[in-house]
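Next comes data_2.txt, with compact mmCIF, C-alpha atoms and all ligand atoms.
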# COMPACT_ATOMS: atom_id res chain seq x y z
CA MET A 1 85.53 73.42 90.36
CA SER A 2 87.30 74.14 87.07
CA GLU A 3 89.01 77.43 86.33
CA ASP A 4 86.28 78.20 83.78
CA ALA A 5 83.51 77.64 86.30
CA VAL A 6 85.17 79.87 88.91
CA LEU A 7 85.77 82.76 86.57
CA GLU A 8 82.40 82.55 84.84
CA ALA A 9 80.68 82.68 88.18
CA ASP A 10 82.48 85.96 88.79
CA THR A 11 81.42 87.72 85.60
CA THR A 12 78.18 86.11 84.44
CA SER A 13 76.11 88.55 86.47
CA ALA A 14 78.04 91.57 85.12
CA GLN A 15 76.33 93.75 82.51
CA LEU A 16 79.00 93.60 79.83
CA VAL A 17 78.76 94.96 76.28
CA GLU A 18 77.77 91.91 74.19
CA ALA A 19 79.80 92.75 71.10
CA ILE A 20 82.89 93.25 73.31
CA VAL A 21 82.41 89.81 74.86
CA ALA A 22 82.00 88.29 71.39
CA ASP A 23 85.23 89.95 70.21
CA ALA A 24 87.22 89.06 73.36
CA PRO A 25 89.21 86.16 71.79
CA ARG A 26 90.75 88.59 69.28
CA PHE A 27 91.92 90.92 72.02
CA THR A 28 93.15 88.02 74.16
CA GLU A 29 95.31 87.07 71.19
CA ILE A 30 96.57 90.67 70.87
CA ARG A 31 97.27 90.80 74.62
CA ARG A 32 99.31 87.59 74.43
CA ARG A 33 101.20 88.84 71.38
CA ILE A 34 102.20 91.97 73.30
CA HIS A 35 103.05 89.80 76.31
CA ALA A 36 105.42 87.63 74.24
CA HIS A 37 107.25 90.72 72.94
CA PRO A 38 107.71 93.01 75.94
CA GLU A 39 109.40 96.40 75.61
CA THR A 40 110.52 98.60 78.50
CA GLY A 41 110.73 102.30 79.33
CA PHE A 42 110.48 104.63 76.36
CA ASP A 43 111.62 101.82 74.06
CA VAL A 44 108.10 100.65 73.19
CA VAL A 45 108.42 101.21 69.45
CA ASN A 46 106.84 97.95 68.29
CA THR A 47 103.99 98.05 70.80
CA ALA A 48 103.25 101.67 69.88
CA GLY A 49 103.40 100.68 66.21
CA LEU A 50 100.89 97.87 66.76
CA VAL A 51 98.55 100.26 68.63
CA ALA A 52 98.83 103.03 66.03
CA GLY A 53 98.23 100.60 63.15
CA LEU A 54 95.04 99.20 64.67
CA LEU A 55 93.67 102.64 65.61
CA ARG A 56 94.27 103.86 62.03
CA GLU A 57 92.56 100.78 60.63
CA TRP A 58 89.49 101.58 62.75
CA GLY A 59 89.31 105.21 61.61
CA TYR A 60 91.08 107.11 64.40
CA ASP A 61 93.09 110.22 63.77
CA VAL A 62 96.42 108.87 65.04
CA HIS A 63 99.35 110.91 66.42
CA THR A 64 102.61 109.14 67.26
CA GLY A 65 105.91 110.11 68.87
CA ILE A 66 104.30 112.16 71.64
CA GLY A 67 106.73 112.35 74.55
CA GLY A 68 109.05 110.01 72.66
CA THR A 69 106.92 106.96 71.87
CA GLY A 70 103.43 107.88 73.13
CA VAL A 71 100.41 107.47 70.86
CA VAL A 72 97.11 109.37 70.85
CA GLY A 73 94.11 108.18 68.84
CA GLN A 74 91.40 110.78 68.46
CA LEU A 75 87.82 110.19 67.36
CA ARG A 76 85.02 112.74 67.12
CA ALA A 77 81.32 111.99 66.92
CA GLY A 78 78.34 114.36 66.77
CA SER A 79 78.74 118.07 67.46
CA GLY A 80 79.33 117.97 71.24
CA THR A 81 82.13 120.07 72.71
CA ARG A 82 82.92 117.79 75.65
CA SER A 83 86.07 115.68 75.53
CA ILE A 84 87.42 112.72 77.47
CA GLY A 85 90.88 111.14 77.73
CA ILE A 86 91.55 107.50 78.57
CA ARG A 87 95.09 106.38 79.34
CA ALA A 88 96.66 102.93 78.92
CA ASP A 89 100.31 102.15 79.66
CA MET A 90 102.38 100.04 77.24
CA ASP A 91 105.71 99.32 79.01
CA ALA A 92 107.02 96.11 80.55
CA LEU A 93 109.61 95.53 83.32
CA PRO A 94 113.25 94.37 83.41
CA ILE A 95 112.25 91.02 84.97
CA HIS A 96 113.03 87.52 83.66
CA GLU A 97 109.71 85.70 83.23
CA GLN A 98 109.23 82.38 85.07
CA THR A 99 105.67 81.43 84.08
CA GLN A 100 106.27 78.69 81.44
CA LEU A 101 103.15 79.99 79.65
CA PRO A 102 102.92 79.24 75.91
CA TYR A 103 102.93 83.00 75.25
CA ALA A 104 105.67 83.80 77.81
CA SER A 105 108.17 86.56 77.03
CA LYS A 106 110.49 85.77 74.14
CA ILE A 107 112.91 88.44 75.33
CA ALA A 108 115.28 87.42 78.11
CA GLY A 109 115.18 89.80 81.07
CA LYS A 110 112.02 91.64 79.99
CA MET A 111 108.49 90.82 81.03
CA HIS A 112 104.98 92.27 81.20
CA ALA A 113 104.79 91.67 84.95
CA CYS A 114 102.43 94.56 85.71
CA GLY A 115 99.68 93.80 83.20
CA HIS A 116 100.25 96.81 80.96
CA ASP A 117 99.83 94.36 78.05
CA GLY A 118 96.31 93.79 79.38
CA HIS A 119 95.60 97.52 79.88
CA THR A 120 96.62 98.15 76.27
CA ALA A 121 94.44 95.27 74.98
CA ILE A 122 91.47 96.50 77.05
CA LEU A 123 91.68 100.00 75.60
CA LEU A 124 92.09 98.61 72.06
CA ALA A 125 88.99 96.42 72.50
CA ALA A 126 87.00 99.50 73.58
CA ALA A 127 88.53 101.58 70.75
CA LYS A 128 87.33 99.18 68.07
CA TYR A 129 83.78 99.08 69.43
CA LEU A 130 83.55 102.85 69.93
CA ALA A 131 84.72 103.48 66.36
CA GLU A 132 82.13 101.06 64.97
CA THR A 133 79.19 102.38 67.00
CA ARG A 134 80.06 106.06 67.59
CA ALA A 135 77.19 106.35 70.08
CA PHE A 136 78.67 109.42 71.77
CA ASP A 137 78.68 113.16 71.22
CA GLY A 138 82.08 114.84 71.57
CA THR A 139 85.78 114.05 71.33
CA LEU A 140 87.44 110.84 72.49
CA ASN A 141 91.21 110.85 73.09
CA LEU A 142 92.86 107.48 73.66
CA ILE A 143 96.27 107.96 75.25
CA PHE A 144 98.84 105.14 75.11
CA GLN A 145 101.89 106.05 77.19
CA PRO A 146 105.44 104.69 77.45
CA ASP A 147 107.58 104.44 80.59
CA GLU A 148 104.98 104.21 83.34
CA GLU A 149 107.23 102.02 85.49
CA ASN A 150 109.97 104.65 85.74
CA LEU A 151 107.29 107.31 86.33
CA CYS A 152 108.46 109.50 83.43
CA GLY A 153 106.26 108.72 80.41
CA ALA A 154 103.12 110.66 81.38
CA ARG A 155 105.11 113.72 82.34
CA ARG A 156 107.06 113.61 79.07
CA MET A 157 103.82 113.40 77.07
CA ILE A 158 102.36 116.35 79.00
CA GLU A 159 105.55 118.37 78.45
CA ASP A 160 105.20 117.53 74.77
CA GLY A 161 101.82 119.33 74.74
CA LEU A 162 99.48 116.36 75.30
CA PHE A 163 96.64 118.35 76.83
CA GLU A 164 97.12 121.44 74.66
CA ARG A 165 96.98 119.38 71.48
CA PHE A 166 94.26 117.05 72.77
CA PRO A 167 92.28 118.96 75.41
CA CYS A 168 90.38 116.69 77.82
CA ASP A 169 87.67 117.72 80.31
CA ALA A 170 88.50 114.59 82.31
CA VAL A 171 91.09 111.86 82.10
CA TYR A 172 90.70 108.23 83.17
CA ALA A 173 92.89 105.17 83.72
CA LEU A 174 92.59 101.69 85.19
CA HIS A 175 94.96 99.13 86.68
CA ASN A 176 94.42 95.44 87.28
CA GLY A 177 94.47 94.41 90.94
CA PRO A 178 95.73 90.91 91.85
CA GLY A 179 94.09 89.71 95.06
CA ILE A 180 90.83 91.45 94.16
CA PRO A 181 88.30 88.91 92.78
CA VAL A 182 87.38 89.08 89.10
CA GLY A 183 84.18 91.12 88.86
CA GLN A 184 85.08 93.49 91.69
CA VAL A 185 86.41 97.03 91.28
CA VAL A 186 87.87 99.68 93.59
CA VAL A 187 86.88 103.29 93.03
CA LYS A 188 87.10 106.14 95.51
CA THR A 189 87.59 109.89 95.58
CA GLY A 190 90.70 111.67 96.84
CA GLY A 191 94.23 110.25 96.96
CA VAL A 192 94.42 106.67 95.68
CA THR A 193 98.15 106.01 95.31
CA ALA A 194 101.25 107.31 97.09
CA ALA A 195 103.69 110.06 96.21
CA SER A 196 107.15 108.62 95.72
CA ASP A 197 110.41 110.50 96.35
CA VAL A 198 114.00 109.34 96.41
CA ALA A 199 117.17 110.64 98.05
CA THR A 200 120.80 109.77 97.57
CA VAL A 201 122.72 110.52 100.77
CA THR A 202 126.51 110.60 100.76
CA LEU A 203 128.42 110.66 104.05
CA LYS A 204 132.03 111.70 103.61
CA GLY A 205 134.50 111.10 106.43
CA VAL A 206 138.19 110.40 106.52
CA GLY A 207 139.34 106.90 105.63
CA GLY A 208 142.03 105.09 107.54
CA HIS A 209 143.42 101.91 109.08
CA GLY A 210 140.86 99.64 110.70
CA ALA A 211 143.19 99.29 113.70
CA MET A 212 143.36 103.05 114.30
CA PRO A 213 139.81 104.43 114.20
CA ASP A 214 140.87 107.51 116.21
CA LYS A 215 142.90 108.65 113.17
CA ALA A 216 139.87 108.35 110.86
CA ARG A 217 136.37 109.76 110.71
CA ASP A 218 134.28 106.68 110.20
CA PRO A 219 131.28 107.22 107.89
CA ILE A 220 130.11 103.60 108.44
CA VAL A 221 129.33 104.16 112.11
CA ALA A 222 127.65 107.46 111.18
CA ALA A 223 125.56 105.61 108.59
CA GLY A 224 124.56 102.99 111.18
CA SER A 225 123.25 105.65 113.50
CA LEU A 226 121.59 107.54 110.63
CA ILE A 227 119.72 104.42 109.48
CA MET A 228 118.18 103.99 112.92
CA ALA A 229 117.43 107.69 113.31
CA LEU A 230 115.58 107.77 109.97
CA GLN A 231 113.21 105.10 111.32
CA THR A 232 111.89 107.62 113.84
CA ILE A 233 110.35 109.83 111.13
CA VAL A 234 107.34 107.58 110.65
CA SER A 235 107.11 106.42 114.25
CA ARG A 236 107.73 109.79 115.99
CA ASN A 237 107.11 112.62 113.50
CA LEU A 238 103.90 111.56 111.75
CA PRO A 239 100.46 111.52 113.36
CA ALA A 240 99.41 107.93 114.06
CA SER A 241 96.43 108.43 111.74
CA GLU A 242 98.65 109.21 108.74
CA VAL A 243 100.66 106.82 106.58
CA GLY A 244 104.21 107.20 105.36
CA VAL A 245 107.20 105.04 104.48
CA VAL A 246 110.94 105.69 104.70
CA SER A 247 112.88 102.75 103.24
CA ILE A 248 116.59 102.38 102.63
CA GLY A 249 117.08 100.38 99.46
CA GLY A 250 120.84 100.54 99.19
CA ILE A 251 124.04 101.08 101.22
CA HIS A 252 127.35 101.21 99.45
CA ALA A 253 130.70 101.45 101.25
CA GLY A 254 134.00 99.77 101.78
CA ALA A 255 135.85 96.90 100.15
CA THR A 256 137.81 94.99 102.76
CA HIS A 257 138.06 94.10 106.48
CA ASN A 258 140.81 96.35 107.73
CA VAL A 259 140.14 99.66 105.99
CA ILE A 260 137.77 102.34 107.18
CA PRO A 261 136.35 103.76 103.93
CA ASP A 262 136.01 107.49 103.42
CA THR A 263 132.45 107.51 102.06
CA VAL A 264 129.12 105.75 102.44
CA GLN A 265 126.22 106.16 100.08
CA LEU A 266 122.62 105.46 101.10
CA LEU A 267 119.66 105.18 98.73
CA LEU A 268 116.35 106.22 100.28
CA ASN A 269 112.75 105.92 99.09
CA MET A 270 109.93 107.91 100.72
CA ARG A 271 106.18 107.35 100.24
CA SER A 272 103.26 109.45 101.44
CA THR A 273 99.63 110.02 100.60
CA ASN A 274 99.13 113.65 101.48
CA PRO A 275 101.10 116.77 100.54
CA GLU A 276 101.61 118.01 104.09
CA ILE A 277 103.05 114.66 105.19
CA ARG A 278 105.23 114.60 102.09
CA GLU A 279 106.72 117.99 103.08
CA ARG A 280 107.24 116.88 106.65
CA ILE A 281 109.05 113.66 105.69
CA GLU A 282 111.34 115.60 103.35
CA ARG A 283 112.13 118.20 106.03
CA ARG A 284 112.89 115.53 108.64
CA VAL A 285 115.12 113.53 106.26
CA GLN A 286 117.13 116.70 105.60
CA GLU A 287 117.38 117.60 109.30
CA ILE A 288 118.25 114.12 110.54
CA VAL A 289 120.89 113.53 107.86
CA THR A 290 122.53 116.93 108.49
CA LEU A 291 122.53 116.66 112.28
CA GLN A 292 123.56 113.01 112.44
CA ALA A 293 126.49 113.76 110.15
CA GLN A 294 127.55 116.69 112.37
CA CYS A 295 127.29 114.47 115.41
CA PHE A 296 129.82 112.02 113.92
CA GLY A 297 132.07 114.64 112.33
CA VAL A 298 131.39 113.61 108.73
CA GLU A 299 130.06 115.69 105.84
CA ALA A 300 126.66 114.95 104.36
CA THR A 301 125.26 115.73 100.95
CA ILE A 302 121.66 114.95 100.05
CA GLU A 303 120.24 114.78 96.56
CA TYR A 304 116.50 114.77 97.20
CA LYS A 305 114.30 114.16 94.19
CA ARG A 306 110.53 114.29 94.08
CA LEU A 307 109.48 111.58 91.64
CA VAL A 308 105.73 111.57 91.37
CA PRO A 309 102.77 113.04 93.27
CA VAL A 310 99.64 111.28 94.54
CA VAL A 311 96.96 110.24 92.04
CA VAL A 312 93.96 112.31 93.13
CA ASN A 313 90.52 111.17 92.00
CA ALA A 314 88.39 114.28 91.44
CA GLU A 315 84.72 114.37 92.56
CA GLU A 316 82.83 114.64 89.28
CA PRO A 317 84.76 112.19 87.07
CA THR A 318 84.85 109.69 89.95
CA ALA A 319 81.09 109.93 90.55
CA ILE A 320 80.49 109.14 86.87
CA ALA A 321 82.94 106.22 86.98
CA ARG A 322 81.25 104.86 90.11
CA ASP A 323 77.80 105.02 88.44
CA VAL A 324 79.04 103.23 85.33
CA LEU A 325 80.85 100.52 87.31
CA THR A 326 77.83 100.01 89.58
CA GLU A 327 75.71 99.49 86.49
CA ILE A 328 78.20 96.88 85.20
CA VAL A 329 79.14 94.84 88.29
CA GLY A 330 76.42 95.81 90.81
CA SER A 331 76.97 97.90 93.93
CA PRO A 332 78.20 95.09 96.25
CA ASN A 333 81.13 94.62 93.87
CA VAL A 334 82.11 98.30 93.80
CA LEU A 335 84.54 98.74 96.69
CA THR A 336 84.90 102.34 97.85
CA ASP A 337 86.67 102.17 101.21
CA SER A 338 89.92 100.37 100.49
CA LYS A 339 93.01 101.29 102.49
CA ALA A 340 95.77 103.53 101.14
CA VAL A 341 97.90 101.93 98.44
CA MET A 342 101.60 102.80 98.88
CA GLY A 343 102.46 102.07 95.26
CA SER A 344 102.91 105.02 92.91
CA GLU A 345 101.48 105.71 89.46
CA ASP A 346 102.67 107.89 86.66
CA PHE A 347 99.01 108.76 85.96
CA ALA A 348 99.42 111.21 88.89
CA TRP A 349 100.83 113.79 86.44
CA MET A 350 97.76 113.49 84.25
CA SER A 351 95.32 113.68 87.16
CA GLU A 352 97.23 116.75 88.35
CA ALA A 353 96.82 118.48 84.96
CA VAL A 354 93.19 117.48 84.31
CA PRO A 355 90.47 116.23 86.72
CA GLY A 356 90.83 112.47 86.66
CA CYS A 357 89.79 109.11 87.99
CA TYR A 358 91.90 105.96 88.40
CA VAL A 359 90.26 102.65 89.28
CA MET A 360 91.46 99.13 90.05
CA ILE A 361 89.71 96.15 88.53
CA GLY A 362 90.14 92.75 90.16
CA ASN A 363 92.63 90.47 88.40
CA GLY A 364 91.53 87.47 90.48
CA VAL A 365 92.58 85.56 93.59
CA GLY A 366 94.71 82.52 94.33
CA GLU A 367 96.16 80.76 91.31
CA TRP A 368 93.75 82.49 88.89
CA GLY A 369 95.12 85.99 88.80
CA GLY A 370 96.18 86.47 92.41
CA CYS A 371 99.95 86.56 91.86
CA MET A 372 101.18 90.06 92.70
CA VAL A 373 102.42 92.41 89.98
CA HIS A 374 106.21 92.72 89.49
CA ASN A 375 106.57 89.01 90.37
CA PRO A 376 108.23 86.79 87.68
CA LYS A 377 105.23 84.40 87.90
CA TYR A 378 102.55 87.10 87.47
CA ASP A 379 100.14 87.01 84.53
CA PHE A 380 97.38 89.38 83.50
CA ASN A 381 93.99 87.65 83.61
CA ASP A 382 92.47 87.73 80.11
CA ARG A 383 89.00 87.22 81.59
CA ILE A 384 88.91 90.86 82.62
CA ILE A 385 89.45 92.26 79.11
CA SER A 386 85.67 92.27 78.47
CA LEU A 387 84.96 93.87 81.82
CA GLY A 388 87.57 96.60 81.40
CA ALA A 389 86.57 97.34 77.81
CA SER A 390 82.86 97.42 78.73
CA TYR A 391 83.74 99.95 81.43
CA TRP A 392 85.54 102.21 78.93
CA VAL A 393 82.71 101.95 76.39
CA LYS A 394 79.93 102.73 78.86
CA LEU A 395 81.98 105.49 80.45
CA VAL A 396 82.57 107.23 77.11
CA GLU A 397 78.91 106.89 76.14
CA LYS A 398 77.84 108.36 79.48
CA TYR A 399 80.48 111.09 79.76
CA LEU A 400 80.07 112.33 76.20
CA ASN A 401 76.31 112.73 76.21
ZN ZN N 501 104.22 98.19 87.74
ZN ZN N 502 101.42 98.89 86.42

Let's see the structure in the file written out as C-alpha cells.
Amino acid sequence: MSEDAVLEADTTSAQLVEAIVADAPRFTEIRRRIHAHPETGFDVVNTAGLVAGLLREWGYDVHTGIGGTGVVGQLRAGSGTRSIGIRADMDALPIHEQTQLPYASKIAGKMHACGHDGHTAILLAAAKYLAETRAFDGTLNLIFQPDEENLCGARRMIEDGLFERFPCDAVYALHNGPGIPVGQVVVKTGGVTAASDVATVTLKGVGGHGAMPDKARDPIVAAGSLIMALQTIVSRNLPASEVGVVSIGGIHAGATHNVIPDTVQLLLNMRSTNPEIRERIERRVQEIVTLQAQCFGVEATIEYKRLVPVVVNAEEPTAIARDVLTEIVGSPNVLTDSKAVMGSEDFAWMSEAVPGCYVMIGNGVGEWGGCMVHNPKYDFNDRIISLGASYWVKLVEKYLN
C-alpha cells in the first residue's frame, strides 16, 4: 500500500472542516518553511515575526514581545463575554537534523524535532479560517510561545501579564504523538504529563594520593554509594501504584588515575505525576544525600530546583474537547485511558493559572510519523494539519457559543 493510501484511510472518515482541508497545502508549505529555519529557546524572532505578520494580515489584533518573543493574536466576534486561549509553541531543539528531507533544517545544530513547527502551522490554519468565518460569540486569544523545550516560555509570558492582558476562561494546547496512528487522539482529565525537577548535588571531601586513601576523604566512593541509595526512592519509598523517576544524568569528578579528587558533582532529574509524590521524592533525595555524605565523612550541598508542575486537564474544558474530538474522529478513535506520560510540558504553567486541556493527536506509526520526538530523524506529519486545525475551529465555535 502506498503512503497516500495508508494515511487517507486514517483520515477519510474524520469530519474535518472542508475549507481547512482545501487550504492545507498552503499551511504545509508554511510548516516546511518554519522547519527549514528553526530557532531555539527565546530566540524565535523570525518565527514570531512570520506568525505576527500573518495574523495581522487576517485581521487579528496582534501583540508581540510578550515574555520576550511571545505573540498573542486576539479576535472578537459578536457580543459574548466568554473567552478562550489556544497555545502553540514555536521553538526548535539544539539537534543536528539527519532526515535528508528537501525542507530539512538549513541551520546546523538546530532542528524542529518536536513538531512545534507543525503546532504553529496548525494554529495558523485555524486562525485564518476563524477570521474569515467569525462564527463564534466572544473573544479568541491565540497564544504563540517561545522556549517550551526549556520549560520557561509559558511562565515568562504569564509573568509578563498574559492572562491579565488577555483573560481566558479556558486555555487549550495540543501536541503531536508519534506512535499514535493518524486519526486517533488522546484526551483525559487530571494529570497528563509529569512534573520535572532537577538537583545539582556536590560532594566535597579531601583530595589526596591514590595510594594513600586513608589520608583523603574520597567523594567518589561516597558518590558510588549515593547513586545506589537514590535508586531505592522509587522502589522502596513510593507506593507500587504510583509512578516516579529518579535519574542521574551526569557525574563529574577527577582527571587522572592516581589522584583522589576533592569533589564530585551529580546531576539529578526527578519526575512525578502527583504533588504528594513530588514532595516525597524531594524529601527523600535531601535525606539520602545528607545522610550518605555523613556516612562517608564528606560534605554535601544540594541545589534542588522545581522546574515545572504537572499539566492538569480540568473537568469542563476537557469534556468540551472530548465532545468536539469525538465528533471529528469518532469515539473509537478518542483514547481516554492512556498510561502516565513522564515527559513534561511548559503548558503546565498555563493550565495552573487557568482551567485547561492538553491533548495528543496521533502523528502516525512506523515510517509514516512514528519516529519519536527529539530524534534527529523525526518529522512532523503534515497530514495532521487539517485534523488539528479542524479541532481548533470546532472547539472555538463550540466553546464561544
Ligand atoms: Zn520537545
Ligand atoms: Zn514538544

Hey, which residues come within 12 Å of ligand ZN 501 (chain N) if we count only C-alpha atoms and all ligand atoms? Could you give them as a short mmCIF file (atom, residue, chain, number, x, y, z; two decimals) with C-alpha atoms, in the coordinates of the input?
data_model
loop_
_atom_site.label_atom_id
_atom_site.label_comp_id
_atom_site.auth_asym_id
_atom_site.auth_seq_id
_atom_site.Cartn_x
_atom_site.Cartn_y
_atom_site.Cartn_z
CA THR A 40 110.52 98.60 78.50
CA GLY A 41 110.73 102.30 79.33
CA ASP A 89 100.31 102.15 79.66
CA MET A 90 102.38 100.04 77.24
CA ASP A 91 105.71 99.32 79.01
CA ALA A 92 107.02 96.11 80.55
CA LEU A 93 109.61 95.53 83.32
CA PRO A 94 113.25 94.37 83.41
CA ILE A 95 112.25 91.02 84.97
CA MET A 111 108.49 90.82 81.03
CA HIS A 112 104.98 92.27 81.20
CA ALA A 113 104.79 91.67 84.95
CA CYS A 114 102.43 94.56 85.71
CA GLY A 115 99.68 93.80 83.20
CA HIS A 116 100.25 96.81 80.96
CA ASP A 117 99.83 94.36 78.05
CA HIS A 119 95.60 97.52 79.88
CA ASP A 147 107.58 104.44 80.59
CA GLU A 148 104.98 104.21 83.34
CA GLU A 149 107.23 102.02 85.49
CA ASN A 150 109.97 104.65 85.74
CA LEU A 151 107.29 107.31 86.33
CA HIS A 175 94.96 99.13 86.68
CA ASN A 176 94.42 95.44 87.28
CA GLY A 177 94.47 94.41 90.94
CA PRO A 178 95.73 90.91 91.85
CA GLY A 343 102.46 102.07 95.26
CA SER A 344 102.91 105.02 92.91
CA GLU A 345 101.48 105.71 89.46
CA ASP A 346 102.67 107.89 86.66
CA PHE A 347 99.01 108.76 85.96
CA MET A 372 101.18 90.06 92.70
CA VAL A 373 102.42 92.41 89.98
CA HIS A 374 106.21 92.72 89.49
CA ASN A 375 106.57 89.01 90.37
CA TYR A 378 102.55 87.10 87.47
CA PHE A 380 97.38 89.38 83.50
#

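Going from atom CA of A:Val71 to atom CA of A:Leu130 covers 17.5 Å.
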
Selection near A:Asp137, 12 Å with all atoms listed in the file, sequence-local residues under 5 positions removed, as a PyMOL selection string: chain A and resi 75-84+130+396-401

Given the selection you just returned, output its residues as a file containing C-alpha atoms, formatted as a compact mmCIF listing (two decimals), in the frame of the given file.
# COMPACT_ATOMS: atom_id res chain seq x y z
CA LEU A 75 87.82 110.19 67.36
CA ARG A 76 85.02 112.74 67.12
CA ALA A 77 81.32 111.99 66.92
CA GLY A 78 78.34 114.36 66.77
CA SER A 79 78.74 118.07 67.46
CA GLY A 80 79.33 117.97 71.24
CA THR A 81 82.13 120.07 72.71
CA ARG A 82 82.92 117.79 75.65
CA SER A 83 86.07 115.68 75.53
CA ILE A 84 87.42 112.72 77.47
CA LEU A 130 83.55 102.85 69.93
CA VAL A 396 82.57 107.23 77.11
CA GLU A 397 78.91 106.89 76.14
CA LYS A 398 77.84 108.36 79.48
CA TYR A 399 80.48 111.09 79.76
CA LEU A 400 80.07 112.33 76.20
CA ASN A 401 76.31 112.73 76.21

Just the number, please: distance in Å from atom CA of A:Gly244 to atom CA of A:Ala195, one decimal. 9.6 Å

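Separating atom CA of A:Ala88 from atom CA of A:Phe144 is a distance of 4.9 Å.
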
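Non-sequential neighbours of A:Arg87 (distance at most 8 Å, separation of 6 or more positions within a chain, only C-alpha atoms) are A:Leu142, A:Ile143, A:Phe144, A:Gln145, A:Val171, A:Tyr172, A:Ala173, A:Leu174.
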
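Minimum distance to ligand ZN 502 (chain N) across A:Gly65, A:Gly254, A:Pro146, A:Pro181 (counting all atoms listed in the file) occurs at A:Pro146.
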
Counting only C-alpha atoms, closest pick from A:Gln98, A:Thr189, A:Ser351, A:Ser390 relative to A:Phe163 is A:Ser351

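Of the residues listed (A:Gly356, A:Gly364, A:Pro102, A:Gly118), A:Gly118 shows the shortest atom-to-atom separation from ligand ZN 502 (chain N); distances use all atoms listed in the file.
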
Mind listing whatever residues come within 8 Å of the point (112.7, 85.4, 81.6)? Use all atoms listed in the file, file coordinates, and give them as a list in words. Ile95, His96, Glu97, Gln98, Ser105, Lys106, Ile107, Ala108, Gly109, Lys110, Met111 and Pro376 of chain A

Could you name the residues that touch A:Gly210 at 10 Å or less, counting only C-alpha atoms, but leaving out those on the same chain fewer than 2 positions away, as a short mmCIF file (atom, residue, chain, number, x, y, z; two decimals) with C-alpha atoms, keeping the file's coordinate frame?
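The new file out24.cif reads:
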data_model
loop_
_atom_site.label_atom_id
_atom_site.label_comp_id
_atom_site.auth_asym_id
_atom_site.auth_seq_id
_atom_site.Cartn_x
_atom_site.Cartn_y
_atom_site.Cartn_z
CA GLY A 207 139.34 106.90 105.63
CA GLY A 208 142.03 105.09 107.54
CA MET A 212 143.36 103.05 114.30
CA PRO A 213 139.81 104.43 114.20
CA ASP A 214 140.87 107.51 116.21
CA LYS A 215 142.90 108.65 113.17
CA ALA A 216 139.87 108.35 110.86
CA ASP A 218 134.28 106.68 110.20
CA THR A 256 137.81 94.99 102.76
CA HIS A 257 138.06 94.10 106.48
CA ASN A 258 140.81 96.35 107.73
CA VAL A 259 140.14 99.66 105.99
CA ILE A 260 137.77 102.34 107.18
CA PRO A 261 136.35 103.76 103.93
#

Using only C-alpha atoms, give me every residue within 9 Å of (95.3, 83.6, 89.6) in file coordinates, as a ChimeraX atom specification. /A:178-179,363-371,378-381

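Using all atoms listed in the file, the smallest distance between any of A:Ala199, A:Leu267, A:Ala14, A:Met360 and ligand ZN 502 (chain N) comes from A:Met360.
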
Could I see stretch 54-67 of chain A restored to N, CA and C atoms, set down as a PDB file, in the frame of the given file?
ATOM      1  N   LEU A  54      96.427  99.623  64.448  1.00  0.00           N
ATOM      2  CA  LEU A  54      95.040  99.200  64.670  1.00  0.00           C
ATOM      3  C   LEU A  54      94.105 100.408  64.743  1.00  0.00           C
ATOM      4  N   LEU A  55      94.530 101.450  65.469  1.00  0.00           N
ATOM      5  CA  LEU A  55      93.670 102.640  65.610  1.00  0.00           C
ATOM      6  C   LEU A  55      93.400 103.258  64.232  1.00  0.00           C
ATOM      7  N   ARG A  56      94.434 103.314  63.395  1.00  0.00           N
ATOM      8  CA  ARG A  56      94.270 103.860  62.030  1.00  0.00           C
ATOM      9  C   ARG A  56      93.274 103.024  61.234  1.00  0.00           C
ATOM     10  N   GLU A  57      93.455 101.712  61.349  1.00  0.00           N
ATOM     11  CA  GLU A  57      92.560 100.780  60.630  1.00  0.00           C
ATOM     12  C   GLU A  57      91.098 101.019  61.023  1.00  0.00           C
ATOM     13  N   TRP A  58      90.866 101.396  62.269  1.00  0.00           N
ATOM     14  CA  TRP A  58      89.490 101.580  62.750  1.00  0.00           C
ATOM     15  C   TRP A  58      88.974 103.010  62.530  1.00  0.00           C
ATOM     16  N   GLY A  59      89.797 103.865  61.959  1.00  0.00           N
ATOM     17  CA  GLY A  59      89.310 105.210  61.610  1.00  0.00           C
ATOM     18  C   GLY A  59      89.699 106.314  62.573  1.00  0.00           C
ATOM     19  N   TYR A  60      90.622 106.056  63.483  1.00  0.00           N
ATOM     20  CA  TYR A  60      91.080 107.110  64.400  1.00  0.00           C
ATOM     21  C   TYR A  60      92.057 108.036  63.698  1.00  0.00           C
ATOM     22  N   ASP A  61      92.081 109.268  64.171  1.00  0.00           N
ATOM     23  CA  ASP A  61      93.090 110.220  63.770  1.00  0.00           C
ATOM     24  C   ASP A  61      94.278 109.941  64.715  1.00  0.00           C
ATOM     25  N   VAL A  62      95.366 109.401  64.164  1.00  0.00           N
ATOM     26  CA  VAL A  62      96.420 108.870  65.040  1.00  0.00           C
ATOM     27  C   VAL A  62      97.659 109.769  65.052  1.00  0.00           C
ATOM     28  N   HIS A  63      98.159 110.068  66.237  1.00  0.00           N
ATOM     29  CA  HIS A  63      99.350 110.910  66.420  1.00  0.00           C
ATOM     30  C   HIS A  63     100.384 110.091  67.177  1.00  0.00           C
ATOM     31  N   THR A  64     101.581 109.958  66.613  1.00  0.00           N
ATOM     32  CA  THR A  64     102.610 109.140  67.260  1.00  0.00           C
ATOM     33  C   THR A  64     103.793 110.009  67.711  1.00  0.00           C
ATOM     34  N   GLY A  65     104.688 109.410  68.460  1.00  0.00           N
ATOM     35  CA  GLY A  65     105.910 110.110  68.870  1.00  0.00           C
ATOM     36  C   GLY A  65     105.686 111.196  69.906  1.00  0.00           C
ATOM     37  N   ILE A  66     104.567 111.145  70.614  1.00  0.00           N
ATOM     38  CA  ILE A  66     104.300 112.160  71.640  1.00  0.00           C
ATOM     39  C   ILE A  66     105.047 111.777  72.919  1.00  0.00           C
ATOM     40  N   GLY A  67     105.907 112.666  73.390  1.00  0.00           N
ATOM     41  CA  GLY A  67     106.730 112.350  74.550  1.00  0.00           C
ATOM     42  C   GLY A  67     107.642 111.168  74.245  1.00  0.00           C
TER      43      GLY A  67
END
